[in-house]
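> Structure incoming, see below.
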Amino acid sequence: MTPTIRKATYDDLKMLQEFKMGLIAAELPMDPTIRPDTTSYYTFKPLIDGPNSTLLVATIDEEIVASGYAKILEDRKYLKHTHYGYLGFMFVPEKHRGNGYNGLVTEALIDWCKQQGITEIRLDVYDVNEAAIKAYKKSGFKAHLINMRYDP
């Protein structure tokens with residue numbers, strides 16, 4: 001069944017909180033810099049209401065099966081573009097993975113960015129998250145800059 005993609009609402013906050021905790025749990029093993037007691041990455045209300053952001057969900061029969069946001073951010077002065085779209089909170093619960101829901105949300109977020117006049121669109125993904133990298137490449141993303149850290 002193809003999900004419906006729609007803007008998130010305040011009525012979705014409880015489920016979005018569950019998604020946030022699922023995302024943190026998934027990312028903790030991939031990132032040794034995250035404190036194990038972390039309970040928050042995002043504040044949802046500004047993403048829902050903000051003039052330069054959108055928070056989308058994919059639903060099937062009222063159940064949220066995927067999420068993601070886009071924010072328009074000012075970029076560095078020396079680049080060809082002045083602003084870019086940043087995608088985040090891309091999450092699909094384990095029982096719904098492998099159905100292309102993340103791709104549908106990603107496509108809708110890219111479309112939203114383009115409607116705002118934004119063509120430079122970026123996201124971050126952990127280098128060990130091969131499934132996510134494959135999905136983002138399928139959506140047209142390519143590696144651009146590798147962020148490295150020193151780990152003594």
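Note on naming: chains are A, B, ... as they come in the structure tokens, residues start from 1 per chain, ligands start from 1 in the order shown.
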Let's see if you can do this: from backbone DSSP, list all helix (DSSP H, G or I) residues in chain A, as an NGL selection string.

:A and (10-30 or 44-49 or 94-96 or 101-115 or 130-138)

> Give the strand (DSSP E) residues of chain A, as DSSP finds them on the backbone, and put them as a ChimeraX atom specification.

/A:4-7,53-60,63-74,83-91,121-123

> Only N, CA, C and O atoms, please: the residues just picked out, written as a short mmCIF file (atom, residue, chain, number, x, y, z; two decimals), in the first residue's frame.


```cif
data_model
loop_
_atom_site.label_atom_id
_atom_site.label_comp_id
_atom_site.auth_asym_id
_atom_site.auth_seq_id
_atom_site.Cartn_x
_atom_site.Cartn_y
_atom_site.Cartn_z
N THR A 4 0.33 7.93 2.36
CA THR A 4 0.02 9.33 2.12
C THR A 4 1.11 10.16 2.78
O THR A 4 1.47 9.90 3.94
N ILE A 5 1.64 11.15 2.08
CA ILE A 5 2.63 12.05 2.66
C ILE A 5 1.90 13.34 3.02
O ILE A 5 1.19 13.92 2.19
N ARG A 6 2.07 13.79 4.26
CA ARG A 6 1.39 15.01 4.71
C ARG A 6 2.26 15.74 5.72
O ARG A 6 3.20 15.17 6.28
N LYS A 7 1.91 17.01 5.94
CA LYS A 7 2.58 17.78 6.98
C LYS A 7 2.22 17.21 8.34
O LYS A 7 1.07 16.84 8.57
N SER A 53 10.73 25.86 7.33
CA SER A 53 10.87 24.42 7.59
C SER A 53 9.55 23.72 7.33
O SER A 53 8.49 24.34 7.32
N THR A 54 9.66 22.42 7.14
CA THR A 54 8.48 21.57 7.06
C THR A 54 8.83 20.23 7.67
O THR A 54 9.96 19.75 7.53
N LEU A 55 7.88 19.65 8.36
CA LEU A 55 8.03 18.31 8.95
C LEU A 55 6.95 17.45 8.34
O LEU A 55 5.76 17.75 8.46
N LEU A 56 7.37 16.42 7.62
CA LEU A 56 6.43 15.56 6.90
C LEU A 56 6.39 14.17 7.53
O LEU A 56 7.38 13.70 8.10
N VAL A 57 5.25 13.53 7.39
CA VAL A 57 5.09 12.14 7.79
C VAL A 57 4.43 11.37 6.65
O VAL A 57 3.68 11.93 5.86
N ALA A 58 4.74 10.09 6.60
CA ALA A 58 4.07 9.17 5.69
C ALA A 58 3.13 8.33 6.54
O ALA A 58 3.54 7.83 7.60
N THR A 59 1.89 8.21 6.11
CA THR A 59 0.91 7.45 6.89
C THR A 59 0.24 6.39 6.02
O THR A 59 0.04 6.56 4.83
N ILE A 60 -0.09 5.30 6.69
CA ILE A 60 -0.92 4.25 6.11
C ILE A 60 -2.02 3.97 7.11
O ILE A 60 -1.73 3.59 8.26
N GLU A 63 -1.62 5.35 10.55
CA GLU A 63 -0.37 5.01 11.24
C GLU A 63 0.79 5.72 10.56
O GLU A 63 0.94 5.65 9.33
N ILE A 64 1.62 6.41 11.35
CA ILE A 64 2.80 7.06 10.79
C ILE A 64 3.87 6.00 10.57
O ILE A 64 4.25 5.28 11.49
N VAL A 65 4.36 5.92 9.32
CA VAL A 65 5.33 4.89 8.97
C VAL A 65 6.69 5.47 8.57
O VAL A 65 7.64 4.72 8.36
N ALA A 66 6.79 6.80 8.47
CA ALA A 66 8.06 7.44 8.13
C ALA A 66 7.96 8.93 8.44
O ALA A 66 6.86 9.48 8.49
N SER A 67 9.13 9.54 8.64
CA SER A 67 9.15 10.97 8.94
C SER A 67 10.40 11.61 8.34
O SER A 67 11.36 10.92 7.99
N GLY A 68 10.37 12.92 8.26
CA GLY A 68 11.54 13.68 7.84
C GLY A 68 11.21 15.16 7.82
O GLY A 68 10.06 15.55 7.68
N TYR A 69 12.24 15.98 8.00
CA TYR A 69 12.03 17.43 7.91
C TYR A 69 13.00 18.03 6.92
O TYR A 69 14.03 17.44 6.57
N ALA A 70 12.66 19.23 6.47
CA ALA A 70 13.55 20.06 5.68
C ALA A 70 13.56 21.44 6.30
O ALA A 70 12.52 21.95 6.72
N LYS A 71 14.75 22.02 6.40
CA LYS A 71 14.92 23.39 6.87
C LYS A 71 15.74 24.14 5.84
O LYS A 71 16.68 23.58 5.26
N ILE A 72 15.39 25.38 5.62
CA ILE A 72 16.19 26.24 4.76
C ILE A 72 17.16 27.00 5.65
O ILE A 72 16.76 27.66 6.60
N LEU A 73 18.44 26.86 5.34
CA LEU A 73 19.49 27.47 6.14
C LEU A 73 20.37 28.37 5.27
O LEU A 73 20.57 28.08 4.08
N GLU A 74 20.89 29.41 5.86
CA GLU A 74 21.83 30.28 5.16
C GLU A 74 23.16 29.56 5.06
O GLU A 74 23.61 28.91 6.01
N HIS A 83 21.54 29.92 0.18
CA HIS A 83 20.79 29.09 1.12
C HIS A 83 20.77 27.64 0.63
O HIS A 83 20.93 27.39 -0.57
N TYR A 84 20.54 26.75 1.55
CA TYR A 84 20.40 25.34 1.17
C TYR A 84 19.31 24.70 2.01
O TYR A 84 18.95 25.18 3.08
N GLY A 85 18.80 23.60 1.51
CA GLY A 85 17.84 22.81 2.27
C GLY A 85 18.59 21.72 3.01
O GLY A 85 19.45 21.05 2.44
N TYR A 86 18.28 21.58 4.28
CA TYR A 86 18.89 20.52 5.09
C TYR A 86 17.80 19.54 5.50
O TYR A 86 16.78 19.94 6.06
N LEU A 87 18.01 18.27 5.21
CA LEU A 87 17.05 17.23 5.56
C LEU A 87 17.51 16.50 6.81
O LEU A 87 18.70 16.19 6.96
N GLY A 88 16.56 16.19 7.68
CA GLY A 88 16.88 15.46 8.90
C GLY A 88 15.66 14.72 9.43
O GLY A 88 14.58 14.78 8.85
N PHE A 89 15.85 14.04 10.55
CA PHE A 89 14.80 13.26 11.21
C PHE A 89 14.19 12.23 10.25
O PHE A 89 13.00 11.94 10.28
N MET A 90 15.04 11.68 9.41
CA MET A 90 14.59 10.66 8.47
C MET A 90 14.52 9.35 9.25
O MET A 90 15.55 8.80 9.65
N PHE A 91 13.31 8.88 9.50
CA PHE A 91 13.15 7.68 10.31
C PHE A 91 11.98 6.85 9.81
O PHE A 91 10.92 7.37 9.47
N ILE A 121 20.60 20.88 -1.74
CA ILE A 121 19.94 20.13 -0.67
C ILE A 121 20.96 19.14 -0.10
O ILE A 121 21.62 18.43 -0.85
N ARG A 122 21.04 19.12 1.23
CA ARG A 122 22.04 18.29 1.89
C ARG A 122 21.41 17.51 3.04
O ARG A 122 20.37 17.87 3.56
N LEU A 123 22.11 16.48 3.45
CA LEU A 123 21.76 15.71 4.64
C LEU A 123 23.02 15.07 5.17
O LEU A 123 24.04 15.02 4.48
#
```

> Got a sec: who's within 9 Å of region 142-148 of chain A, counting only C-alpha atoms, leaving out chain neighbours fewer than 3 positions off, as a VMD selection string?

chain A and resid 127 133 136 to 137

> With all heavy atoms retained, could you export that selection as a PDB file, in the first residue's frame?


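Contents of the output file selection.pdb:
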```
ATOM      1  N   ASP A 127      28.657   7.014   8.116  1.00  0.00           N
ATOM      2  CA  ASP A 127      29.367   6.241   7.103  1.00  0.00           C
ATOM      3  C   ASP A 127      29.149   4.739   7.250  1.00  0.00           C
ATOM      4  O   ASP A 127      29.291   3.994   6.284  1.00  0.00           O
ATOM      5  CB  ASP A 127      30.860   6.568   7.102  1.00  0.00           C
ATOM      6  CG  ASP A 127      31.572   6.160   8.375  1.00  0.00           C
ATOM      7  OD1 ASP A 127      30.925   6.055   9.442  1.00  0.00           O
ATOM      8  OD2 ASP A 127      32.803   5.942   8.315  1.00  0.00           O
ATOM      9  N   ILE A 133      22.727   5.052   3.220  1.00  0.00           N
ATOM     10  CA  ILE A 133      23.527   5.601   2.123  1.00  0.00           C
ATOM     11  C   ILE A 133      22.972   5.130   0.789  1.00  0.00           C
ATOM     12  O   ILE A 133      22.797   5.919  -0.148  1.00  0.00           O
ATOM     13  CB  ILE A 133      25.016   5.216   2.286  1.00  0.00           C
ATOM     14  CG1 ILE A 133      25.596   5.945   3.505  1.00  0.00           C
ATOM     15  CG2 ILE A 133      25.804   5.530   1.021  1.00  0.00           C
ATOM     16  CD1 ILE A 133      26.970   5.451   3.925  1.00  0.00           C
ATOM     17  N   TYR A 136      19.703   6.991   0.051  1.00  0.00           N
ATOM     18  CA  TYR A 136      19.895   8.388  -0.341  1.00  0.00           C
ATOM     19  C   TYR A 136      20.502   8.490  -1.732  1.00  0.00           C
ATOM     20  O   TYR A 136      20.145   9.382  -2.505  1.00  0.00           O
ATOM     21  CB  TYR A 136      20.732   9.135   0.689  1.00  0.00           C
ATOM     22  CG  TYR A 136      20.026   9.242   2.024  1.00  0.00           C
ATOM     23  CD1 TYR A 136      20.662   8.913   3.205  1.00  0.00           C
ATOM     24  CD2 TYR A 136      18.689   9.634   2.101  1.00  0.00           C
ATOM     25  CE1 TYR A 136      20.013   9.000   4.424  1.00  0.00           C
ATOM     26  CE2 TYR A 136      18.025   9.712   3.312  1.00  0.00           C
ATOM     27  CZ  TYR A 136      18.690   9.388   4.463  1.00  0.00           C
ATOM     28  OH  TYR A 136      18.034   9.460   5.663  1.00  0.00           O
ATOM     29  N   LYS A 137      21.397   7.578  -2.068  1.00  0.00           N
ATOM     30  CA  LYS A 137      21.941   7.566  -3.429  1.00  0.00           C
ATOM     31  C   LYS A 137      20.829   7.301  -4.439  1.00  0.00           C
ATOM     32  O   LYS A 137      20.786   7.910  -5.509  1.00  0.00           O
ATOM     33  CB  LYS A 137      23.056   6.523  -3.567  1.00  0.00           C
ATOM     34  CG  LYS A 137      24.352   6.971  -2.941  1.00  0.00           C
ATOM     35  CD  LYS A 137      25.445   5.926  -3.140  1.00  0.00           C
ATOM     36  CE  LYS A 137      26.756   6.429  -2.588  1.00  0.00           C
ATOM     37  NZ  LYS A 137      27.847   5.445  -2.778  1.00  0.00           N
TER      38      LYS A 137
END
```

> For Glu94 (chain A), please output as a list of chain:residue names all residues within 12 Å (counting only C-alpha atoms; exclusion window: fewer than 5 positions along the same chain).

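Skipping anything fewer than 5 positions along the chain leaves A:Phe19, A:Gly22, A:Leu23, A:Ala25, A:Ala26, A:Val65, A:Ala66, A:Asn99, A:Tyr101, A:Asn102.
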
> Find, counting only C-alpha atoms, the residue in A:Tyr78, A:Phe44, A:Tyr150, A:Tyr126 that gets nearest to Met30 (chain A).

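Of A:Tyr78, A:Phe44, A:Tyr150, A:Tyr126, the one nearest Met30 (chain A) is A:Tyr126, counting only C-alpha atoms.
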
> Determine the nearest neighbour of Cys113 (chain A) from the options A:Pro3, A:Pro46, A:Asp12, A:Asn52, counting only C-alpha atoms.

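Nearest candidate to Cys113 (chain A) out of A:Pro3, A:Pro46, A:Asp12, A:Asn52: A:Asn52.
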
> Do you know which residues are at most 12 Å from Pro36 (chain A) counting only C-alpha atoms, after dropping those on the same chain fewer than 3 positions away, and could you put them as JSON, numbers by chain?

{"A": [21, 24, 25, 26, 27, 28, 29, 30, 31, 32, 33, 39, 40]}

> Quick one: distance from CA of Tyr10 (chain A) to CA of Gly50 (chain A) in Å, one decimal?

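So the two atoms, CA of Tyr10 (chain A) and CA of Gly50 (chain A), lie 13.1 Å apart.
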
> Between CA of Gln116 (chain A) and CA of Lys80 (chain A), what is the distance in Å, rounded to a tenth?

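Those two atoms sit 17.1 Å apart.
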
> Expressed in Å to a single decimal, how great is the separation between CA of Thr38 (chain A) and CA of Ala8 (chain A)?

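Computed distance, CA of Thr38 (chain A) to CA of Ala8 (chain A), equals 23.4 Å.
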